[in-house]
$ cat model.cif   # mmCIF, C-alpha atoms
data_final
loop_
_atom_site.group_PDB
_atom_site.id
_atom_site.type_symbol
_atom_site.label_atom_id
_atom_site.label_comp_id
_atom_site.auth_asym_id
_atom_site.auth_seq_id
_atom_site.Cartn_x
_atom_site.Cartn_y
_atom_site.Cartn_z
ATOM 1 C CA MET H 261 -98.824 111.304 -94.282
ATOM 2 C CA SER H 262 -101.778 109.451 -92.736
ATOM 3 C CA PHE H 263 -101.786 106.866 -89.976
ATOM 4 C CA LYS H 264 -102.514 103.313 -91.119
ATOM 5 C CA ASP H 265 -103.429 102.220 -87.600
ATOM 6 C CA LEU H 266 -103.076 103.236 -83.952
ATOM 7 C CA GLU H 267 -100.467 100.662 -82.976
ATOM 8 C CA PHE H 268 -97.722 103.271 -83.291
ATOM 9 C CA LEU H 269 -99.078 104.936 -80.150
ATOM 10 C CA ILE H 270 -97.998 101.983 -78.025
ATOM 11 C CA SER H 271 -94.461 101.839 -79.416
ATOM 12 C CA GLU H 272 -94.048 105.631 -79.373
ATOM 13 C CA SER H 273 -95.236 105.860 -75.775
ATOM 14 C CA LYS H 274 -92.477 103.439 -74.745
ATOM 15 C CA ALA H 275 -89.716 105.204 -76.688
ATOM 16 C CA GLY H 276 -88.721 107.764 -74.060
ATOM 17 C CA ARG H 277 -89.065 108.350 -70.353
ATOM 18 C CA LYS H 278 -92.057 106.603 -68.815
ATOM 19 C CA MET H 279 -94.784 109.197 -68.217
ATOM 20 C CA ARG H 280 -96.376 109.468 -64.766
ATOM 21 C CA LEU H 281 -100.173 109.376 -65.038
ATOM 22 C CA ALA H 282 -102.237 111.043 -62.291
ATOM 23 C CA VAL H 283 -105.608 109.250 -62.110
ATOM 24 C CA ALA H 284 -108.319 111.375 -60.496
ATOM 25 C CA ALA H 285 -110.766 109.153 -58.545
ATOM 26 C CA ALA H 286 -109.285 105.795 -59.526
ATOM 27 C CA GLN H 287 -112.052 103.785 -57.797
ATOM 28 C CA GLY H 288 -113.708 102.295 -60.859
ATOM 29 C CA ILE H 289 -113.463 98.936 -62.604
ATOM 30 C CA ASP H 290 -113.110 100.429 -66.079
ATOM 31 C CA VAL H 291 -110.527 102.945 -64.865
ATOM 32 C CA LEU H 292 -108.377 100.391 -63.063
ATOM 33 C CA GLU H 293 -108.561 97.984 -65.999
ATOM 34 C CA ALA H 294 -107.277 100.693 -68.360
ATOM 35 C CA VAL H 295 -104.518 101.803 -66.015
ATOM 36 C CA TRP H 296 -103.452 98.224 -65.283
ATOM 37 C CA ASP H 297 -103.223 97.410 -68.996
ATOM 38 C CA ALA H 298 -101.200 100.551 -69.695
ATOM 39 C CA ALA H 299 -98.835 99.962 -66.785
ATOM 40 C CA ARG H 300 -98.376 96.305 -67.724
ATOM 41 C CA GLU H 301 -97.519 97.360 -71.302
ATOM 42 C CA GLY H 302 -94.910 99.760 -69.936
ATOM 43 C CA VAL H 303 -96.747 102.814 -71.289
ATOM 44 C CA ILE H 304 -97.109 104.761 -68.018
ATOM 45 C CA GLU H 305 -96.330 104.798 -64.307
ATOM 46 C CA PRO H 306 -99.671 105.415 -62.546
ATOM 47 C CA VAL H 307 -100.413 107.458 -59.438
ATOM 48 C CA LEU H 308 -103.850 106.616 -58.037
ATOM 49 C CA PHE H 309 -105.853 109.338 -56.249
ATOM 50 C CA GLY H 310 -109.108 108.355 -54.582
ATOM 51 C CA ASP H 311 -110.900 106.031 -52.176
ATOM 52 C CA LEU H 312 -108.241 103.365 -51.711
ATOM 53 C CA GLU H 313 -110.565 100.861 -50.038
ATOM 54 C CA LYS H 314 -112.780 100.901 -53.106
ATOM 55 C CA VAL H 315 -109.709 100.792 -55.352
ATOM 56 C CA ASP H 316 -108.563 97.593 -53.640
ATOM 57 C CA ALA H 317 -112.044 96.088 -53.778
ATOM 58 C CA TYR H 318 -112.384 96.747 -57.523
ATOM 59 C CA ALA H 319 -108.856 95.491 -58.125
ATOM 60 C CA ALA H 320 -109.703 92.258 -56.331
ATOM 61 C CA GLU H 321 -112.841 91.928 -58.476
ATOM 62 C CA LEU H 322 -110.678 92.290 -61.577
ATOM 63 C CA GLY H 323 -108.072 89.894 -60.226
ATOM 64 C CA ILE H 324 -105.236 92.424 -60.411
ATOM 65 C CA ASP H 325 -102.767 93.716 -57.820
ATOM 66 C CA VAL H 326 -102.350 97.504 -57.698
ATOM 67 C CA SER H 327 -100.587 97.602 -54.321
ATOM 68 C CA ASN H 328 -97.281 98.543 -55.964
ATOM 69 C CA PHE H 329 -98.768 101.602 -57.648
ATOM 70 C CA GLU H 330 -98.256 104.964 -55.944
ATOM 71 C CA ARG H 331 -101.490 105.712 -54.065
ATOM 72 C CA VAL H 332 -102.876 108.904 -52.520
ATOM 73 C CA PRO H 333 -105.957 108.613 -50.269
ATOM 74 C CA CYS H 334 -108.770 111.113 -50.906
ATOM 75 C CA SER H 335 -112.088 111.465 -49.115
ATOM 76 C CA SER H 336 -114.120 112.798 -52.064
ATOM 77 C CA GLU H 337 -114.165 113.112 -55.851
ATOM 78 C CA GLY H 338 -113.410 116.814 -55.506
ATOM 79 C CA GLU H 339 -110.346 116.183 -53.360
ATOM 80 C CA ALA H 340 -109.126 113.503 -55.776
ATOM 81 C CA ALA H 341 -109.512 115.886 -58.727
ATOM 82 C CA GLU H 342 -107.727 118.693 -56.887
ATOM 83 C CA LYS H 343 -104.799 116.567 -55.746
ATOM 84 C CA ALA H 344 -104.393 114.908 -59.152
ATOM 85 C CA VAL H 345 -104.400 118.262 -60.959
ATOM 86 C CA LYS H 346 -101.951 119.746 -58.451
ATOM 87 C CA ALA H 347 -99.634 116.773 -59.004
ATOM 88 C CA VAL H 348 -99.578 117.537 -62.723
ATOM 89 C CA SER H 349 -99.273 121.318 -62.384
ATOM 90 C CA SER H 350 -96.374 120.939 -59.926
ATOM 91 C CA GLY H 351 -94.536 118.525 -62.208
ATOM 92 C CA GLU H 352 -94.927 115.498 -59.935
ATOM 93 C CA ALA H 353 -96.954 113.843 -62.707
ATOM 94 C CA ASP H 354 -96.880 114.297 -66.480
ATOM 95 C CA LEU H 355 -100.504 113.935 -67.507
ATOM 96 C CA LEU H 356 -103.993 113.585 -66.085
ATOM 97 C CA MET H 357 -106.671 110.927 -66.455
ATOM 98 C CA LYS H 358 -110.347 111.253 -65.600
ATOM 99 C CA GLY H 359 -111.359 108.433 -63.320
ATOM 100 C CA ASN H 360 -114.688 107.900 -61.557
ATOM 101 C CA VAL H 361 -115.328 111.625 -61.203
ATOM 102 C CA LYS H 362 -117.823 113.925 -62.894
ATOM 103 C CA THR H 363 -116.318 115.767 -65.851
ATOM 104 C CA ALA H 364 -117.518 119.098 -64.433
ATOM 105 C CA THR H 365 -115.731 118.401 -61.130
ATOM 106 C CA LEU H 366 -112.497 117.534 -62.891
ATOM 107 C CA LEU H 367 -112.656 120.549 -65.207
ATOM 108 C CA LYS H 368 -113.292 122.871 -62.260
ATOM 109 C CA ALA H 369 -109.938 121.738 -60.869
ATOM 110 C CA VAL H 370 -108.238 121.877 -64.276
ATOM 111 C CA LEU H 371 -109.396 125.482 -64.757
ATOM 112 C CA ASN H 372 -108.411 126.701 -61.273
ATOM 113 C CA LYS H 373 -106.547 129.982 -61.770
ATOM 114 C CA GLU H 374 -104.059 129.377 -58.967
ATOM 115 C CA TRP H 375 -102.896 125.764 -59.478
ATOM 116 C CA GLY H 376 -104.840 124.428 -62.450
ATOM 117 C CA LEU H 377 -103.730 123.558 -65.971
ATOM 118 C CA ARG H 378 -104.998 126.588 -67.873
ATOM 119 C CA THR H 379 -103.015 127.843 -70.860
ATOM 120 C CA GLY H 380 -105.382 130.400 -72.331
ATOM 121 C CA ALA H 381 -106.290 127.988 -75.121
ATOM 122 C CA MET H 382 -109.747 126.501 -75.410
ATOM 123 C CA LEU H 383 -110.190 122.956 -74.131
ATOM 124 C CA SER H 384 -111.487 120.527 -76.744
ATOM 125 C CA HIS H 385 -111.838 116.791 -77.280
ATOM 126 C CA LEU H 386 -110.170 114.925 -80.132
ATOM 127 C CA PHE H 387 -110.848 111.269 -80.887
ATOM 128 C CA LEU H 388 -108.685 109.257 -83.273
ATOM 129 C CA PHE H 389 -110.397 106.279 -84.899
ATOM 130 C CA TYR H 390 -108.994 103.372 -86.851
ATOM 131 C CA ILE H 391 -111.753 102.209 -89.188
ATOM 132 C CA PRO H 392 -111.101 98.751 -90.697
ATOM 133 C CA LYS H 393 -113.120 99.448 -93.860
ATOM 134 C CA LEU H 394 -111.108 102.602 -94.550
ATOM 135 C CA GLY H 395 -107.824 100.967 -93.616
ATOM 136 C CA ARG H 396 -106.561 104.144 -91.987
ATOM 137 C CA VAL H 397 -107.049 106.545 -89.092
ATOM 138 C CA VAL H 398 -109.327 109.587 -89.086
ATOM 139 C CA SER H 399 -110.018 111.883 -86.162
ATOM 140 C CA LEU H 400 -113.106 113.729 -84.999
ATOM 141 C CA THR H 401 -113.567 116.988 -83.092
ATOM 142 C CA ASP H 402 -115.540 117.805 -81.083
ATOM 143 C CA GLY H 403 -117.981 115.143 -79.997
ATOM 144 C CA GLY H 404 -117.271 115.366 -76.292
ATOM 145 C CA MET H 405 -116.943 118.905 -74.960
ATOM 146 C CA THR H 406 -117.841 121.786 -77.269
ATOM 147 C CA MET H 407 -121.591 121.929 -77.738
ATOM 148 C CA TYR H 408 -122.468 124.491 -80.416
ATOM 149 C CA PRO H 409 -119.259 126.134 -81.668
ATOM 150 C CA ASP H 410 -119.331 129.467 -83.487
ATOM 151 C CA LEU H 411 -116.818 130.387 -86.185
ATOM 152 C CA ASN H 412 -114.029 131.432 -83.813
ATOM 153 C CA THR H 413 -114.557 128.345 -81.687
ATOM 154 C CA LYS H 414 -114.333 126.127 -84.772
ATOM 155 C CA LYS H 415 -111.058 127.839 -85.648
ATOM 156 C CA ALA H 416 -109.761 126.977 -82.160
ATOM 157 C CA LEU H 417 -110.939 123.366 -82.531
ATOM 158 C CA ILE H 418 -108.954 123.058 -85.756
ATOM 159 C CA GLU H 419 -105.870 124.615 -84.172
ATOM 160 C CA ASN H 420 -105.951 122.215 -81.200
ATOM 161 C CA ALA H 421 -106.356 119.203 -83.489
ATOM 162 C CA VAL H 422 -103.593 120.362 -85.852
ATOM 163 C CA SER H 423 -101.226 120.921 -82.918
ATOM 164 C CA CYS H 424 -101.905 117.339 -81.813
ATOM 165 C CA TYR H 425 -101.220 115.963 -85.288
ATOM 166 C CA ARG H 426 -97.965 117.889 -85.572
ATOM 167 C CA LYS H 427 -96.800 116.391 -82.267
ATOM 168 C CA LEU H 428 -97.593 112.993 -83.758
ATOM 169 C CA GLY H 429 -95.416 113.735 -86.785
ATOM 170 C CA VAL H 430 -97.942 114.975 -89.358
ATOM 171 C CA ASP H 431 -96.723 118.419 -90.390
ATOM 172 C CA CYS H 432 -99.718 119.444 -92.529
ATOM 173 C CA PRO H 433 -102.904 117.474 -91.779
ATOM 174 C CA LYS H 434 -105.962 117.732 -94.001
ATOM 175 C CA VAL H 435 -109.067 119.104 -92.280
ATOM 176 C CA ALA H 436 -112.601 118.527 -93.595
ATOM 177 C CA VAL H 437 -115.281 120.872 -92.245
ATOM 178 C CA LEU H 438 -118.377 118.691 -92.325
ATOM 179 C CA ALA H 439 -121.937 119.530 -93.216
ATOM 180 C CA ALA H 440 -124.895 117.647 -94.706
ATOM 181 C CA VAL H 441 -123.986 118.959 -98.162
ATOM 182 C CA GLU H 442 -120.826 120.002 -100.000
ATOM 183 C CA VAL H 443 -122.105 123.351 -101.282
ATOM 184 C CA VAL H 444 -122.630 126.645 -99.481
ATOM 185 C CA ASN H 445 -126.274 127.142 -98.568
ATOM 186 C CA PRO H 446 -127.280 130.390 -96.813
ATOM 187 C CA ASP H 447 -130.023 128.481 -94.984
ATOM 188 C CA MET H 448 -127.422 126.134 -93.430
ATOM 189 C CA PRO H 449 -125.138 128.189 -91.145
ATOM 190 C CA CYS H 450 -122.547 125.421 -90.799
ATOM 191 C CA THR H 451 -121.857 125.614 -94.558
ATOM 192 C CA LEU H 452 -121.167 129.355 -94.234
ATOM 193 C CA ASP H 453 -118.740 128.649 -91.372
ATOM 194 C CA ALA H 454 -117.049 125.971 -93.477
ATOM 195 C CA ALA H 455 -116.516 128.339 -96.381
ATOM 196 C CA ALA H 456 -115.161 131.018 -94.007
ATOM 197 C CA LEU H 457 -112.735 128.562 -92.373
ATOM 198 C CA LYS H 458 -111.452 127.534 -95.797
ATOM 199 C CA GLN H 459 -110.780 131.179 -96.655
ATOM 200 C CA MET H 460 -109.110 131.792 -93.289
ATOM 201 C CA ASN H 461 -106.791 128.888 -94.034
ATOM 202 C CA LEU H 462 -105.989 130.184 -97.529
ATOM 203 C CA ARG H 463 -105.151 133.610 -96.074
ATOM 204 C CA GLY H 464 -102.884 132.230 -93.350
ATOM 205 C CA GLN H 465 -105.234 132.786 -90.412
ATOM 206 C CA ILE H 466 -105.291 129.021 -89.778
ATOM 207 C CA LYS H 467 -101.812 127.601 -90.259
ATOM 208 C CA ASN H 468 -100.002 124.273 -90.720
ATOM 209 C CA CYS H 469 -102.915 122.447 -92.329
ATOM 210 C CA ILE H 470 -105.160 122.329 -95.386
ATOM 211 C CA VAL H 471 -108.807 123.141 -94.687
ATOM 212 C CA ASP H 472 -111.700 122.498 -97.046
ATOM 213 C CA GLY H 473 -115.436 122.644 -96.656
ATOM 214 C CA PRO H 474 -118.257 122.322 -96.630
ATOM 215 C CA LEU H 475 -117.819 118.608 -97.284
ATOM 216 C CA ALA H 476 -120.310 115.836 -96.615
ATOM 217 C CA LEU H 477 -118.936 112.866 -94.699
ATOM 218 C CA ASP H 478 -118.881 110.546 -97.713
ATOM 219 C CA ASN H 479 -116.786 112.830 -99.895
ATOM 220 C CA ALA H 480 -114.537 113.787 -96.984
ATOM 221 C CA ILE H 481 -113.333 110.216 -96.477
ATOM 222 C CA SER H 482 -113.986 108.498 -99.834
ATOM 223 C CA GLU H 483 -112.022 109.493 -102.936
ATOM 224 C CA GLU H 484 -114.505 107.538 -105.055
ATOM 225 C CA SER H 485 -117.401 109.550 -103.646
ATOM 226 C CA ALA H 486 -115.526 112.810 -104.222
ATOM 227 C CA ARG H 487 -114.827 111.846 -107.868
ATOM 228 C CA HIS H 488 -118.446 110.823 -108.395
ATOM 229 C CA LYS H 489 -119.593 114.263 -107.244
ATOM 230 C CA GLY H 490 -116.907 116.070 -109.251
ATOM 231 C CA ILE H 491 -115.200 117.551 -106.222
ATOM 232 C CA VAL H 492 -111.624 118.666 -106.860
ATOM 233 C CA SER H 493 -109.884 119.164 -103.525
ATOM 234 C CA GLU H 494 -106.687 118.310 -101.666
ATOM 235 C CA VAL H 495 -108.828 117.234 -98.717
ATOM 236 C CA ALA H 496 -111.814 115.430 -100.232
ATOM 237 C CA GLY H 497 -111.443 111.684 -99.819
ATOM 238 C CA LYS H 498 -108.206 112.134 -97.859
ATOM 239 C CA ALA H 499 -109.263 113.983 -94.706
ATOM 240 C CA ASP H 500 -107.264 113.387 -91.530
ATOM 241 C CA ILE H 501 -109.384 115.551 -89.217
ATOM 242 C CA LEU H 502 -113.186 115.761 -89.354
ATOM 243 C CA LEU H 503 -114.626 118.938 -87.814
ATOM 244 C CA VAL H 504 -118.283 118.348 -86.956
ATOM 245 C CA PRO H 505 -120.838 121.187 -86.732
ATOM 246 C CA ASP H 506 -121.975 120.432 -83.171
ATOM 247 C CA ILE H 507 -121.741 117.972 -80.296
ATOM 248 C CA GLU H 508 -124.799 115.961 -81.384
ATOM 249 C CA ALA H 509 -123.265 115.193 -84.779
ATOM 250 C CA GLY H 510 -119.902 114.404 -83.187
ATOM 251 C CA ASN H 511 -121.321 112.218 -80.445
ATOM 252 C CA MET H 512 -123.428 110.163 -82.833
ATOM 253 C CA MET H 513 -120.697 109.871 -85.450
ATOM 254 C CA GLY H 514 -118.205 108.715 -82.845
ATOM 255 C CA LYS H 515 -120.562 106.016 -81.581
ATOM 256 C CA VAL H 516 -121.286 104.835 -85.118
ATOM 257 C CA MET H 517 -117.542 104.528 -85.735
ATOM 258 C CA MET H 518 -117.033 102.537 -82.552
ATOM 259 C CA TYR H 519 -120.153 100.386 -82.294
ATOM 260 C CA MET H 520 -121.267 99.937 -85.886
ATOM 261 C CA ALA H 521 -118.084 100.286 -87.934
ATOM 262 C CA GLY H 522 -115.872 98.199 -85.641
ATOM 263 C CA GLY H 523 -113.482 101.047 -84.896
ATOM 264 C CA VAL H 524 -110.729 101.254 -82.312
ATOM 265 C CA GLY H 525 -110.073 104.702 -80.888
ATOM 266 C CA ALA H 526 -107.958 106.957 -78.730
ATOM 267 C CA GLY H 527 -109.286 110.152 -77.183
ATOM 268 C CA VAL H 528 -107.886 113.057 -75.171
ATOM 269 C CA ILE H 529 -108.790 116.572 -74.119
ATOM 270 C CA LEU H 530 -106.459 119.149 -75.662
ATOM 271 C CA GLY H 531 -105.700 122.765 -74.762
ATOM 272 C CA ALA H 532 -104.502 122.282 -71.163
ATOM 273 C CA LYS H 533 -100.845 122.330 -70.074
ATOM 274 C CA THR H 534 -100.823 118.553 -70.518
ATOM 275 C CA PRO H 535 -103.247 116.144 -72.193
ATOM 276 C CA ILE H 536 -106.224 114.877 -70.225
ATOM 277 C CA VAL H 537 -107.114 111.247 -70.878
ATOM 278 C CA LEU H 538 -110.864 110.734 -70.954
ATOM 279 C CA THR H 539 -112.366 107.296 -71.612
ATOM 280 C CA SER H 540 -115.885 105.906 -71.292
ATOM 281 C CA ARG H 541 -116.620 102.854 -69.194
ATOM 282 C CA PHE H 542 -118.115 101.347 -72.354
ATOM 283 C CA ASP H 543 -114.933 101.813 -74.410
ATOM 284 C CA SER H 544 -113.048 98.656 -75.316
ATOM 285 C CA ALA H 545 -109.844 97.758 -73.495
ATOM 286 C CA ALA H 546 -107.966 98.529 -76.733
ATOM 287 C CA THR H 547 -109.439 102.048 -76.902
ATOM 288 C CA LYS H 548 -108.671 102.731 -73.238
ATOM 289 C CA LEU H 549 -105.073 101.580 -73.628
ATOM 290 C CA ARG H 550 -104.530 103.640 -76.766
ATOM 291 C CA SER H 551 -106.109 106.717 -75.180
ATOM 292 C CA ILE H 552 -103.584 106.542 -72.362
ATOM 293 C CA ALA H 553 -100.785 105.930 -74.880
ATOM 294 C CA LEU H 554 -101.900 108.944 -76.948
ATOM 295 C CA GLY H 555 -101.841 111.130 -73.836
ATOM 296 C CA ALA H 556 -98.406 109.838 -72.901
ATOM 297 C CA VAL H 557 -96.987 110.521 -76.375
ATOM 298 C CA LEU H 558 -98.384 114.067 -76.426
ATOM 299 C CA ALA H 559 -97.166 114.759 -72.882
ATOM 300 C CA SER H 560 -93.658 113.661 -73.805
ATOM 301 C CA ARG H 561 -93.573 116.140 -76.694
#

$ encode --input "model.cif" --output "structure tokens"
Amino acid sequence: MSFKDLEFLISESKAGRKMRLAVAAAQGIDVLEAVWDAAREGVIEPVLFGDLEKVDAYAAELGIDVSNFERVPCSSEGEAAEKAVKAVSSGEADLLMKGNVKTATLLKAVLNKEWGLRTGAMLSHLFLFYIPKLGRVVSLTDGGMTMYPDLNTKKALIENAVSCYRKLGVDCPKVAVLAAVEVVNPDMPCTLDAAALKQMNLRGQIKNCIVDGPLALDNAISEESARHKGIVSEVAGKADILLVPDIEAGNMMGKVMMYMAGGVGAGVILGAKTPIVLTSRFDSAATKLRSIALGAVLASR
């Protein structure tokens, strides 16, 4: 099973109880626009933490009324992050969204040993993309958090992504471990990691998915390319999850998908007690809305 588009996230997010979204440092135009759209669609019930004077000023600039949203005044980004995380960890809210706060500040609160959202799992970023030319959804990890993963870290990245897919109804996603080539080359460490991850999957050390690699991007997503190169694989040309070798490759690939391939996306941080919605101010309104919807669906499951 592969996703044909990301529209199911909106309908699925409305299917059950409305999730309460704690927004850390909500004083930002892009943040308020995303939250307003999601609330108007009936996806979430927002709780705004931050500088409420600035929140109202930005809302007025956008021409929206957020006075009916639950609002918690905070004097700093750090206080907003702390209070938003505590709301989620106490059960007062269901999931967390990064607002106009530094990622490091938010993660410091998330990882607090006393009241944070630690689970023991590694935190990682997963971005789902709908690419019109492909006519389906592929996902990418990790272009946002994990800089230079070693073999064990790559295993954890796969496990986080697979857990997400299973919550979305895909029992056995196909994972392509990407490299510049589709053969093992001792001079290219990422190809050695790819071969090891494939073996770990075959031996049951990585479960509930099919892993293959090394695969180049073209033969990971194009069956025609895989046939042309004579690659026989359950994953080649049909990959659901693309595991990139490092953050540079992931960051650039993600931006190509969004800005050059006309993609629409949805991204969250995985591995915490609840999903963490993380959007860029340059993301489209559609991507922001679907990121919140993805977080809401995962939180409900």

$ closest_residue --input "model.cif" --among "H:Arg487, H:Lys415, H:Lys358, H:Arg378" --to "H:Asn461" --atoms "all atoms listed in the file"
H:Lys415

$ closest_residue --input "model.cif" --among "H:Thr379, H:Asn479, H:Asn360, H:Asn328" --to "H:Asp311" --atoms "all atoms listed in the file"
H:Asn360

$ resolve_selection --input "model.cif" --expression "the PyMOL selection byres ((chain H and resi 524) around 9)" --output "PyMOL selection string"
chain H and resi 266+388-392+517-518+522-523+525-526+543-544+546-547+550

$ residues_near_point --input "model.cif" --point "(-108.9, 97.2, -56.4)" --cutoff "12 Å" --atoms "only C-alpha atoms" --output "PDB file with C-alpha atoms, in the frame of the given file"
ATOM      1  CA  ALA H 286    -109.285 105.795 -59.526  1.00  0.00           C
ATOM      2  CA  GLN H 287    -112.052 103.785 -57.797  1.00  0.00           C
ATOM      3  CA  GLY H 288    -113.708 102.295 -60.859  1.00  0.00           C
ATOM      4  CA  ILE H 289    -113.463  98.936 -62.604  1.00  0.00           C
ATOM      5  CA  ASP H 290    -113.110 100.429 -66.079  1.00  0.00           C
ATOM      6  CA  VAL H 291    -110.527 102.945 -64.865  1.00  0.00           C
ATOM      7  CA  LEU H 292    -108.377 100.391 -63.063  1.00  0.00           C
ATOM      8  CA  GLU H 293    -108.561  97.984 -65.999  1.00  0.00           C
ATOM      9  CA  VAL H 295    -104.518 101.803 -66.015  1.00  0.00           C
ATOM     10  CA  TRP H 296    -103.452  98.224 -65.283  1.00  0.00           C
ATOM     11  CA  LEU H 308    -103.850 106.616 -58.037  1.00  0.00           C
ATOM     12  CA  GLY H 310    -109.108 108.355 -54.582  1.00  0.00           C
ATOM     13  CA  ASP H 311    -110.900 106.031 -52.176  1.00  0.00           C
ATOM     14  CA  LEU H 312    -108.241 103.365 -51.711  1.00  0.00           C
ATOM     15  CA  GLU H 313    -110.565 100.861 -50.038  1.00  0.00           C
ATOM     16  CA  LYS H 314    -112.780 100.901 -53.106  1.00  0.00           C
ATOM     17  CA  VAL H 315    -109.709 100.792 -55.352  1.00  0.00           C
ATOM     18  CA  ASP H 316    -108.563  97.593 -53.640  1.00  0.00           C
ATOM     19  CA  ALA H 317    -112.044  96.088 -53.778  1.00  0.00           C
ATOM     20  CA  TYR H 318    -112.384  96.747 -57.523  1.00  0.00           C
ATOM     21  CA  ALA H 319    -108.856  95.491 -58.125  1.00  0.00           C
ATOM     22  CA  ALA H 320    -109.703  92.258 -56.331  1.00  0.00           C
ATOM     23  CA  GLU H 321    -112.841  91.928 -58.476  1.00  0.00           C
ATOM     24  CA  LEU H 322    -110.678  92.290 -61.577  1.00  0.00           C
ATOM     25  CA  GLY H 323    -108.072  89.894 -60.226  1.00  0.00           C
ATOM     26  CA  ILE H 324    -105.236  92.424 -60.411  1.00  0.00           C
ATOM     27  CA  ASP H 325    -102.767  93.716 -57.820  1.00  0.00           C
ATOM     28  CA  VAL H 326    -102.350  97.504 -57.698  1.00  0.00           C
ATOM     29  CA  SER H 327    -100.587  97.602 -54.321  1.00  0.00           C
ATOM     30  CA  ASN H 328     -97.281  98.543 -55.964  1.00  0.00           C
ATOM     31  CA  PHE H 329     -98.768 101.602 -57.648  1.00  0.00           C
ATOM     32  CA  ARG H 331    -101.490 105.712 -54.065  1.00  0.00           C
TER      33      ARG H 331
END

$ atom_distance --input "model.cif" --atom1 "atom CA of H:Thr401" --atom2 "atom CA of H:Ala556"
19.6 Å
